[in-house]
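Have a look at the structure below, then the notes.
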Amino acid sequence: MKGFGSVFTQEWVILKHNPAWWLSLGLLLVLTVLAALNGAARTEQLAGMGGGLNQDEMVTQNALKASVERWEANPEGNPPPAASPGALGMSVLSHYAVLPPTPLASLSIGQTDVQPTYYKVTAHPALTFLNATEIQNPLNVLAGSFDVAFVIVFLLPIFIVALMFDLMSKEKERGTLSLVAAHGVSKTAFILAKGAARALMIFVLLLAVGLAAVVITEPSLADGVLWARFGLWFVTVTLYAFFWFALALFVNALNKPSVTNGIILANLWLVFVVVIPALVNIAATTIYPAPSRVELTTEMREATEIADQEAAESREAYFFDHPELAGEDANADQFYLQVLATDSAVERAVEPLLEEFSLQAERRQGVVDLLQFVSPAIMTQNALNAISGTGSERFADFTAQVLTFHENWRGFFTNRIVKGTQMTAAEFDDIPVFAYEDWTVSDVLSGAAGPVTGLALFVLVLAVWSTRRYSSYPVV
Amino acid sequence: MILTVAGKEFKEIIRDGRIKWSAAILAIMLVAALSTAAQRFADISAERASAQEVVNAQFAAQGEKNPHAAAHYGLYAFKPVTPLSFFDTGISSYTGVSIWLEAHKKNDAEGEPARDTTAIARFGELTAAFTLQMLLPLLVILLAFPAFAGEREAGTLRQVLSMQVSPVQLLFGKALGAMAALAVFIGPILLLGLIGLLIAPGGAAYIGHGVTIVLIYTIYAMIFLFLTLAVSANLKSAQATLVAMVGFWAVSSFVLPRAASDLSRLLYPTPTAVAFDKAVEEAIQSGIDGVSPATRIQQRQEQTLALYDAESVDELPINFQGVIFDLQEKLDNEVFDKFYGDLHNIFEQQTGLHQAFSVGSPRMAVQLASMELSGTSLNHHIDFTEQAEQYRRELIEGMNRDITFNSAAGQADYRAGPELWASVDRFAYDPPPLGAILTRLGPSFMVMFLWLALSIVAGYLASRKVKVTLG
């Protein structure tokens, strides 16, 4: 490796005085800061909304509790409507199950704009709230978000390619390569030194960029979990950057003119960042398509209609929708018992289809988890989503936890409906409350481990392979 | 002379390997996208049509029940698809595919396909439109970047210019040659696509849309072609031309759409679903103009009693409950009209920002136009939801009218039968005609033609300068 040190020092000085280089790095920094600010605004909005969701529900619940308390203090006449567990669980009360953002959520919006971050849980079948959507312009969702992950996955490679595509070819075209060789500097040492100088600067820049993003987006920096995630984030991003470094080294080793190198690298960018992801996506959705949501709808209606007709035999269907017209003497919980029967009939009918949905989703994720290793861009995006807690897996986990919670919450009311007992004021405090059991750092680690390892392998193989080719690189 | 240059350029491109990889990638993706589109159209259109049939049949097969109970049961409207919806899926992955039409409620479309995809779908869906928007410019750039700069570096520019070829002729000749080469690469695939559209069930009605789409992408290619030629004539080296054009392509195609998306959220925030629903609920409770529904019903009762010269509702020849249902429905609808009107205004402002950003990004202009023509734009989705809502109102009105006139005053156990359910019209979405779509496209067309004109003028001016710098 003769000459590594002197070439490295020389390159460092040249880069330090190269305005185009500083301009590029500055631009990257500015883009990242803008993306971080944007992500922070999105997360803050989300967190603000999530925090306020149950406030109205609690006001309602406390008012109802108070009415029961008043009746308990002075039990005259019929108990208040709030004492009916059916009225509470199936009509008046609901509970928002919220997925809180994790540290670093602002760095990758991920699936946040497609998957629900909260569900309005009631005692009706889960199907009735699982489908709820957030209001947003679909054109905005289609375009995607300008977040830090986008800057890293899409734009960082363009910067690296623009700065690296003529690393060796330019020296040859200028004739400087033969001069260097004449000084007895090994070509491998030469290219590695040139690459290392740039890599070191990009490394420092990414660290600066990452820290800036964290400072911008995180309200509290004294959090060990945050820094553990950041460590993982930084490893991922650095590996991805080094993948493009290694790729540029590899293309330079082909001994083509600079322009050809540029064309090849532009095409490779296209292949890794645009073409392969689109193909992997279509492969996953074609191999394991989602069952038809349309069929789910018709299936659900069929079941509802049959159950309703059965109900109509024992009770006037008309009062089903308008219990207030049934008259004063109607027993509310008798009515809700009937609703319960309909609900469970519908649930039974659609259960196989719903299971098929989650099964297919799991299989689809399996295909993507496997095929992601074809493209470092996919691996990086997946790892960044996992680190920011915005990937498909965490949303699936959230939904699963909500479904379990839904069982508890519903059970609380339906047990009382079935037993025919009324709610006491004290029992209002026992109504279950949802708290998402978030991923631990080791969960995040195992979520990101696959893609990060894949990235590391890519970098290693490319770097070693291309470096070895430089010893035989023709000088002229 | 232009033709001679064009012929030579064409031959060179075909022989030269410089774009063979990009052309191959483009061709493979186009073919893959178009064939999966044909398959998906066949599957999904059959699925939606049969679902609509099933739902209609379910409604018609209801047993005897009160018409208001039938109104609660309601119907579903399924969004139909056209063959072009799969050429460019536009926003359709992010909007629901069916709407439950029931009494008292305007429901949102549900079942967005995006819920059933993994995060990888966000890189972009493989459609022909996506392929053309993303890859076509890069292919054009690779075709054209060495046009002037390359000749200059090779020393052939001086020779060509000395042979009485003006640089302007050179520009148009090279442009023509490149376009011919593109036509050879992509033309057959697009032609096959159009033939596929013609033979697809119901596709023939969209052939005008299809031809316009081909025209739009031709303009798109020409914009990048003349821009690249202009830059190539301006810059000293082919390498600099390549870097500049790829940079422009990346920023305008990838960065600007996302910037527009996030800026529009900041500038024109939409209410959250929870806040929106709460506001609608409150407006329904209190009355949109502050007069409560109870007061309205009281007023209507007095009017009706006066009209029939009756003392109480039980003396009326009609069932006043039906009138109440109908009045509630109309009051609710006023609230829906206001709130959804406001929401759609916000959407329009947001979309307007995308339109404004398209001035800096040919891709955004082309994308907006392409979605509009393919029937997968937000406009089309809103059209569909509004037609479904109109249908819902008529459906519910019919049910309530039956209660009013066909049941006795105060009769709570009234039941209607299958004749009433069968008398309901079927829902059929009526898409806007091509003329209306083209009118909507005005701004996008303007932006595209502006880009085309500017790039041609830039190419022209830059190529004229070529002579001066050499002289």
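Residue numbers start at 1 in each chain; chains themselves are named A, B, ... in the order of the structure tokens; ligands are numbered from 1 in the order shown.
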
Select from chain A every residue with an atom at most 6 Å from any atom of chain B, then for each give the shortest pair of atoms and their distance in Å to one decimal, using only C-alpha atoms, rows by chain and rising number, as a tab-separated table.
```
residue	atom	partner	partner_atom	distance
A:Glu134	CA	B:Ala273	CA	5.3
A:Ile135	CA	B:Ala273	CA	5.3
A:Asn137	CA	B:Phe347	CA	5.9
A:Pro138	CA	B:Tyr94	CA	5.5
A:Leu139	CA	B:Ile91	CA	6.0
A:Asn140	CA	B:Ser261	CA	4.6
A:Ala143	CA	B:Arg258	CA	5.4
A:Gly144	CA	B:Arg258	CA	5.6
A:Ser145	CA	B:Arg258	CA	5.2
A:Phe146	CA	B:Arg258	CA	5.1
A:Val259	CA	B:Gln239	CA	5.4
A:Ala278	CA	B:Leu126	CA	5.1
A:Asn281	CA	B:Ala121	CA	5.7
A:Tyr318	CA	B:Ala69	CA	5.8
```

Written selection (C-alpha atoms) as a PDB file, in the first residue's frame:
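Writing the result to part_38.pdb gives the following:
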```pdb
ATOM      1  CA  GLU A 134     -57.854   9.336   8.131  1.00  0.00           C
ATOM      2  CA  ILE A 135     -58.742  12.348   6.004  1.00  0.00           C
ATOM      3  CA  ASN A 137     -55.580  14.165  -0.053  1.00  0.00           C
ATOM      4  CA  PRO A 138     -54.662  10.897  -1.798  1.00  0.00           C
ATOM      5  CA  LEU A 139     -52.511  12.864  -4.212  1.00  0.00           C
ATOM      6  CA  ASN A 140     -50.262  13.731  -1.261  1.00  0.00           C
ATOM      7  CA  ALA A 143     -46.362  11.583  -3.897  1.00  0.00           C
ATOM      8  CA  GLY A 144     -44.926  10.367  -0.596  1.00  0.00           C
ATOM      9  CA  SER A 145     -43.176  12.395   2.049  1.00  0.00           C
ATOM     10  CA  PHE A 146     -40.076  14.480   1.947  1.00  0.00           C
ATOM     11  CA  VAL A 259     -19.033   9.383 -19.379  1.00  0.00           C
ATOM     12  CA  ALA A 278     -41.346  -1.869  -8.254  1.00  0.00           C
ATOM     13  CA  ASN A 281     -43.664  -5.101  -4.974  1.00  0.00           C
ATOM     14  CA  TYR A 318     -87.953  -1.392  13.110  1.00  0.00           C
TER      15      TYR A 318
END
```

At what distance in Å, to one decimal, does CA of Phe250 (chain A) lie from CA of Ser466 (chain A)?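 So the answer is 4.6 Å.
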
Alpha helix (DSSP H) call set, DSSP backbone run, region 342-436 of chain B, as a ChimeraX atom specification: /B:342-357,362-374,378-406,418-422,434-436

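The space between CA of Asp438 (chain A) and CA of Gln401 (chain A) spans 10.1 Å.
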
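Across the structure, CA of Gly411 (chain A) and CA of Pro432 (chain A) are spaced 9.9 Å apart.
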
Just want the 12 Å neighbourhood of Tyr391 (chain B), counted on only C-alpha atoms, with same-chain residues fewer than 5 positions away dropped. Output as a PyMOL selection string. chain B and resi 74-77+99-103+106+384-386+396-398+424-430

Judged by only C-alpha atoms, the minimum distance to Ala463 (chain A) among A:Leu23, A:Leu142, A:Val251, A:Ala197 is found for A:Val251

Please determine, counting only C-alpha atoms, which residue among B:Ser361, B:Ser444, B:Asn345, B:Gln301 has the shortest atom-to-atom distance to Ile223 (chain B).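 Of B:Ser361, B:Ser444, B:Asn345, B:Gln301, the one nearest Ile223 (chain B) is B:Ser361, counting only C-alpha atoms.
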
So which bits of region 57-209 of chain B end up strand (DSSP E) when you DSSP the backbone, as an MDAnalysis selection string? chainID B and resid 75:78 98:102 105:106

Proximity to Arg152 (chain B) - best of B:Thr82, B:Asn234, B:Asn319, B:Ser312, only C-alpha atoms: B:Asn234

Show me, as a list in words, the residues that have an atom within 10 Å of Val168 (chain B) when counting only C-alpha atoms, minus same-chain residues fewer than 4 positions from it.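 The filter keeps Ile2, Phe172, Gly173, Lys174, Gly459, Tyr460, Leu461, Ala462, Ser463, Arg464, Lys465, Val466 and Lys467 of chain B.
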